[in-house]
Amino acid sequence: MANETQTTDAEARPEASPTDAWRSAIASRKTQVATTEGVPAAQAQPLEQDVSRRRFIRLSFWSGLGVALLGSVGLFVDYFYPRNVRGFGGPVAGGNVALYPRGGEPVHNREGQFYIVNLDPGDSAAAGSGGGEGLLALWHKCPHLGCTVPWRPGATVEGFAATDWFQCPCHGSTYSIAGIRVFGPAPRSMDTMEIEIDDAGNITVQTGSITSGGPDNPQRAVTHPLLPA
Ligand code: FES
């Protein structure tokens with residue numbers, strides 16, 4: 001009897017087709033989605049935590065990169081910042097004003113690459129002092145192509161009676177005692193350097209402070225009470 005009943009139940013239950021299996025799977029999925037939509041805020045929290053963690057990592061990365069860049073820039077500036085520059089490029093002692101008689105020959109300073117001249121305002125020679133009075137520091141580098149320009153007593157220049165000039169040995173550019181160009185291919189007059197004189201008459205030439213030469217060279221001369229008249 002029992003066997004008969006089992007056989008009857010099995011026959012009564014129809015075998016599930018593949019289509020029914022898909023329907024049942026889709027229905028089950030819908031149920032899951034509907035349940036998730038109703039997830040309370042407390043269960044959504046892990047997502048927020050994940051976002052803030054990512055933000056933290058990103059912030060840390062950019063901060064680290066910024067600090068590394070700042071450090072590199074600091075090292076670069078520290079390495080190239082000039083300290084205690086001696087010789088050309090920094091302050092160079094030029095002796096005392098007593099060493100420079102008015103209208104005397106330019107004195108060459110090889111360490112600082114300059115000449116110091118004491119311009120005589122009474123110099124009436126054409127292309128002479130140009131009316132300038134006091135000490136002038138001239139960079140010895142020729143503005144044409146950079147040769148060192150020597151002072152040439154006795155040199156002559158056509159059209160000028162004066163016989164003392166700065167004259168470049170490379171291409172002949174010629175300059176007055178105030179560094180004014182009177183002849184040659186140089187594009188301008190000799191460049192000048194800043195001069196400082198303390199109360200005792202001691203001269204410091206700032207060889208890192210150079211001004212392009214020009215017709216106003218004589219007016220750049222610096223006077224001092226102790227300067228020989
Ligand atoms: S370098 Fe002095 S004239 Fe050319």
# chains A, B, ... in the order shown; residues from 1 in each chain; ligands from 1

$ residues_near_ligand --ligand "ligand 1" --cutoff "8 Å" --atoms "only C-alpha atoms and all ligand atoms" --output "MDAnalysis selection string"
chainID A and resid 141:149 167:174 184:186

$ write_last_selection --atoms "N, CA, C and O atoms" --output "compact mmCIF listing (two decimals), in the first residue's frame"
# COMPACT_ATOMS: atom_id res chain seq x y z
N LYS A 141 86.57 93.40 -19.23
CA LYS A 141 86.11 92.53 -20.33
C LYS A 141 85.53 93.38 -21.48
O LYS A 141 84.63 94.19 -21.27
N CYS A 142 86.06 93.13 -22.68
CA CYS A 142 85.59 93.90 -23.84
C CYS A 142 84.13 93.54 -24.16
O CYS A 142 83.79 92.36 -24.27
N PRO A 143 83.27 94.54 -24.32
CA PRO A 143 81.86 94.25 -24.62
C PRO A 143 81.66 93.64 -26.00
O PRO A 143 80.55 93.21 -26.31
N HIS A 144 82.73 93.59 -26.83
CA HIS A 144 82.57 92.99 -28.16
C HIS A 144 82.51 91.46 -28.03
O HIS A 144 81.44 90.88 -28.07
N LEU A 145 83.67 90.82 -27.82
CA LEU A 145 83.67 89.36 -27.72
C LEU A 145 84.36 88.87 -26.45
O LEU A 145 84.69 87.69 -26.34
N GLY A 146 84.61 89.77 -25.52
CA GLY A 146 85.06 89.34 -24.20
C GLY A 146 86.55 89.31 -23.94
O GLY A 146 86.97 88.80 -22.90
N CYS A 147 87.38 89.80 -24.85
CA CYS A 147 88.83 89.83 -24.58
C CYS A 147 89.11 90.79 -23.43
O CYS A 147 88.33 91.70 -23.15
N THR A 148 90.24 90.57 -22.76
CA THR A 148 90.65 91.50 -21.70
C THR A 148 91.27 92.73 -22.35
O THR A 148 92.17 92.62 -23.19
N VAL A 149 90.74 93.88 -21.95
CA VAL A 149 91.19 95.13 -22.57
C VAL A 149 92.32 95.75 -21.74
O VAL A 149 92.11 96.05 -20.57
N GLN A 167 92.62 99.84 -25.19
CA GLN A 167 92.52 99.36 -26.57
C GLN A 167 92.52 97.83 -26.58
O GLN A 167 93.46 97.20 -26.07
N CYS A 168 91.49 97.26 -27.16
CA CYS A 168 91.35 95.80 -27.18
C CYS A 168 92.29 95.18 -28.21
O CYS A 168 92.29 95.59 -29.38
N PRO A 169 93.09 94.19 -27.82
CA PRO A 169 94.04 93.58 -28.76
C PRO A 169 93.36 92.67 -29.79
O PRO A 169 93.98 92.30 -30.78
N CYS A 170 92.11 92.31 -29.56
CA CYS A 170 91.46 91.34 -30.46
C CYS A 170 90.97 91.99 -31.75
O CYS A 170 91.31 91.54 -32.85
N HIS A 171 90.17 93.04 -31.64
CA HIS A 171 89.64 93.65 -32.87
C HIS A 171 89.75 95.17 -32.84
O HIS A 171 89.11 95.85 -33.64
N GLY A 172 90.53 95.66 -31.89
CA GLY A 172 90.87 97.09 -31.91
C GLY A 172 89.88 98.06 -31.29
O GLY A 172 90.07 99.28 -31.39
N SER A 173 88.84 97.58 -30.65
CA SER A 173 87.91 98.54 -30.03
C SER A 173 88.68 99.40 -29.04
O SER A 173 89.51 98.90 -28.27
N THR A 174 88.41 100.69 -29.08
CA THR A 174 89.18 101.64 -28.28
C THR A 174 88.23 102.46 -27.41
O THR A 174 87.14 102.85 -27.86
N GLY A 184 85.94 101.06 -33.15
CA GLY A 184 85.95 99.60 -33.17
C GLY A 184 84.57 98.97 -33.15
O GLY A 184 83.55 99.67 -33.08
N PRO A 185 84.55 97.64 -33.23
CA PRO A 185 83.28 96.92 -33.39
C PRO A 185 82.49 96.71 -32.10
O PRO A 185 81.38 96.16 -32.15
N ALA A 186 83.03 97.10 -30.95
CA ALA A 186 82.29 96.88 -29.70
C ALA A 186 80.93 97.59 -29.78
O ALA A 186 80.85 98.71 -30.28

$ select_by_dssp --residues "segment 3-224 of chain A" --states "alpha helix (DSSP H)" --output "ChimeraX atom specification"
/A:3-12,18-37,41-80

$ residues_around --residues "Gly154 of chain A" --least-positions-apart "2" --cutoff "8 Å" --atoms "only C-alpha atoms" --output "list in words"
Arg152, Thr156, Thr163, Asp164 and Trp165 of chain A

$ write_last_selection --atoms "all heavy atoms" --output "PDB file, in the first residue's frame"
ATOM      1  N   ARG A 152      96.515 101.264 -22.738  1.00  0.00           N
ATOM      2  CA  ARG A 152      97.621 101.413 -23.687  1.00  0.00           C
ATOM      3  C   ARG A 152      98.079 102.865 -23.731  1.00  0.00           C
ATOM      4  O   ARG A 152      97.618 103.648 -24.583  1.00  0.00           O
ATOM      5  CB  ARG A 152      97.174 100.968 -25.083  1.00  0.00           C
ATOM      6  CG  ARG A 152      96.713  99.524 -25.198  1.00  0.00           C
ATOM      7  CD  ARG A 152      97.847  98.566 -25.488  1.00  0.00           C
ATOM      8  NE  ARG A 152      98.643  98.951 -26.646  1.00  0.00           N
ATOM      9  CZ  ARG A 152      98.347  98.633 -27.905  1.00  0.00           C
ATOM     10  NH1 ARG A 152      97.258  97.936 -28.163  1.00  0.00           N
ATOM     11  NH2 ARG A 152      99.123  99.013 -28.885  1.00  0.00           N
ATOM     12  N   THR A 156      97.421 105.510 -30.394  1.00  0.00           N
ATOM     13  CA  THR A 156      96.790 106.614 -31.122  1.00  0.00           C
ATOM     14  C   THR A 156      95.513 106.133 -31.802  1.00  0.00           C
ATOM     15  O   THR A 156      95.403 104.971 -32.191  1.00  0.00           O
ATOM     16  CB  THR A 156      97.743 107.180 -32.201  1.00  0.00           C
ATOM     17  OG1 THR A 156      98.114 106.102 -33.060  1.00  0.00           O
ATOM     18  CG2 THR A 156      98.982 107.793 -31.576  1.00  0.00           C
ATOM     19  N   THR A 163      96.550 110.416 -26.525  1.00  0.00           N
ATOM     20  CA  THR A 163      97.395 109.259 -26.846  1.00  0.00           C
ATOM     21  C   THR A 163      97.325 108.151 -25.791  1.00  0.00           C
ATOM     22  O   THR A 163      98.147 107.247 -25.793  1.00  0.00           O
ATOM     23  CB  THR A 163      98.867 109.694 -27.000  1.00  0.00           C
ATOM     24  OG1 THR A 163      99.249 110.372 -25.816  1.00  0.00           O
ATOM     25  CG2 THR A 163      99.066 110.558 -28.213  1.00  0.00           C
ATOM     26  N   ASP A 164      96.385 108.251 -24.877  1.00  0.00           N
ATOM     27  CA  ASP A 164      96.224 107.190 -23.873  1.00  0.00           C
ATOM     28  C   ASP A 164      94.813 106.614 -23.987  1.00  0.00           C
ATOM     29  O   ASP A 164      93.831 107.353 -23.841  1.00  0.00           O
ATOM     30  CB  ASP A 164      96.418 107.760 -22.453  1.00  0.00           C
ATOM     31  CG  ASP A 164      97.821 108.316 -22.259  1.00  0.00           C
ATOM     32  OD1 ASP A 164      98.756 107.829 -22.920  1.00  0.00           O
ATOM     33  OD2 ASP A 164      97.967 109.246 -21.444  1.00  0.00           O
ATOM     34  N   TRP A 165      94.750 105.298 -24.177  1.00  0.00           N
ATOM     35  CA  TRP A 165      93.436 104.684 -24.389  1.00  0.00           C
ATOM     36  C   TRP A 165      93.406 103.279 -23.804  1.00  0.00           C
ATOM     37  O   TRP A 165      94.448 102.642 -23.649  1.00  0.00           O
ATOM     38  CB  TRP A 165      93.135 104.557 -25.897  1.00  0.00           C
ATOM     39  CG  TRP A 165      93.171 105.825 -26.669  1.00  0.00           C
ATOM     40  CD1 TRP A 165      94.233 106.300 -27.375  1.00  0.00           C
ATOM     41  CD2 TRP A 165      92.127 106.779 -26.815  1.00  0.00           C
ATOM     42  NE1 TRP A 165      93.920 107.501 -27.966  1.00  0.00           N
ATOM     43  CE2 TRP A 165      92.622 107.820 -27.631  1.00  0.00           C
ATOM     44  CE3 TRP A 165      90.814 106.872 -26.344  1.00  0.00           C
ATOM     45  CZ2 TRP A 165      91.852 108.923 -27.991  1.00  0.00           C
ATOM     46  CZ3 TRP A 165      90.050 107.973 -26.704  1.00  0.00           C
ATOM     47  CH2 TRP A 165      90.571 108.984 -27.510  1.00  0.00           C
TER      48      TRP A 165
END

$ closest_residue --among "A:Leu59, A:Met190, A:Ala221, A:Ile177" --to "Gly132 of chain A" --atoms "only C-alpha atoms"
A:Ala221

$ residues_around --residues "Leu99 of chain A" --least-positions-apart "5" --cutoff "10 Å" --atoms "only C-alpha atoms" --output "PyMOL selection string"
chain A and resi 94+104+107+118+227-228

$ atom_distance --atom1 "atom CA of Ala93 of chain A" --atom2 "atom CA of Pro215 of chain A"
26.5 Å

$ atom_distance --atom1 "atom CA of Ala137 of chain A" --atom2 "atom CA of Ile116 of chain A"
4.6 Å

$ atom_distance --atom1 "atom CA of Gly134 of chain A" --atom2 "atom CA of Ala155 of chain A"
24.1 Å

$ residues_around --residues "Arg220 of chain A" --least-positions-apart "6" --cutoff "10 Å" --atoms "only C-alpha atoms" --output "PyMOL selection string"
chain A and resi 132-137+178+192-195+211

$ residues_around --residues "Arg110 of chain A" --least-positions-apart "5" --cutoff "9 Å" --atoms "only C-alpha atoms" --output "ChimeraX atom specification"
/A:88,115,140

$ write_last_selection --atoms "C-alpha atoms" --output "short mmCIF file (atom, residue, chain, number, x, y, z; two decimals), in the first residue's frame"
data_model
loop_
_atom_site.label_atom_id
_atom_site.label_comp_id
_atom_site.auth_asym_id
_atom_site.auth_seq_id
_atom_site.Cartn_x
_atom_site.Cartn_y
_atom_site.Cartn_z
CA PHE A 88 85.24 88.08 -9.16
CA TYR A 115 90.32 98.97 -13.46
CA HIS A 140 88.20 94.80 -18.10
#

$ closest_residue --among "A:Gly95, A:Gly87, A:Gly130, A:Gly179" --to "Gln113 of chain A" --atoms "only C-alpha atoms"
A:Gly87

$ residues_around --residues "Asp120 of chain A" --least-positions-apart "2" --cutoff "6 Å" --atoms "only C-alpha atoms" --output "PyMOL selection string"
chain A and resi 102-103+122-123+133

$ select_by_dssp --residues "segment 22-198 of chain A" --states "strand (DSSP E or B)" --output "VMD selection string"
chain A and resid 91 to 96 107 to 109 114 to 119 134 to 139 141 148 151 to 153 164 to 167 174 to 175 181 to 183 192 to 197
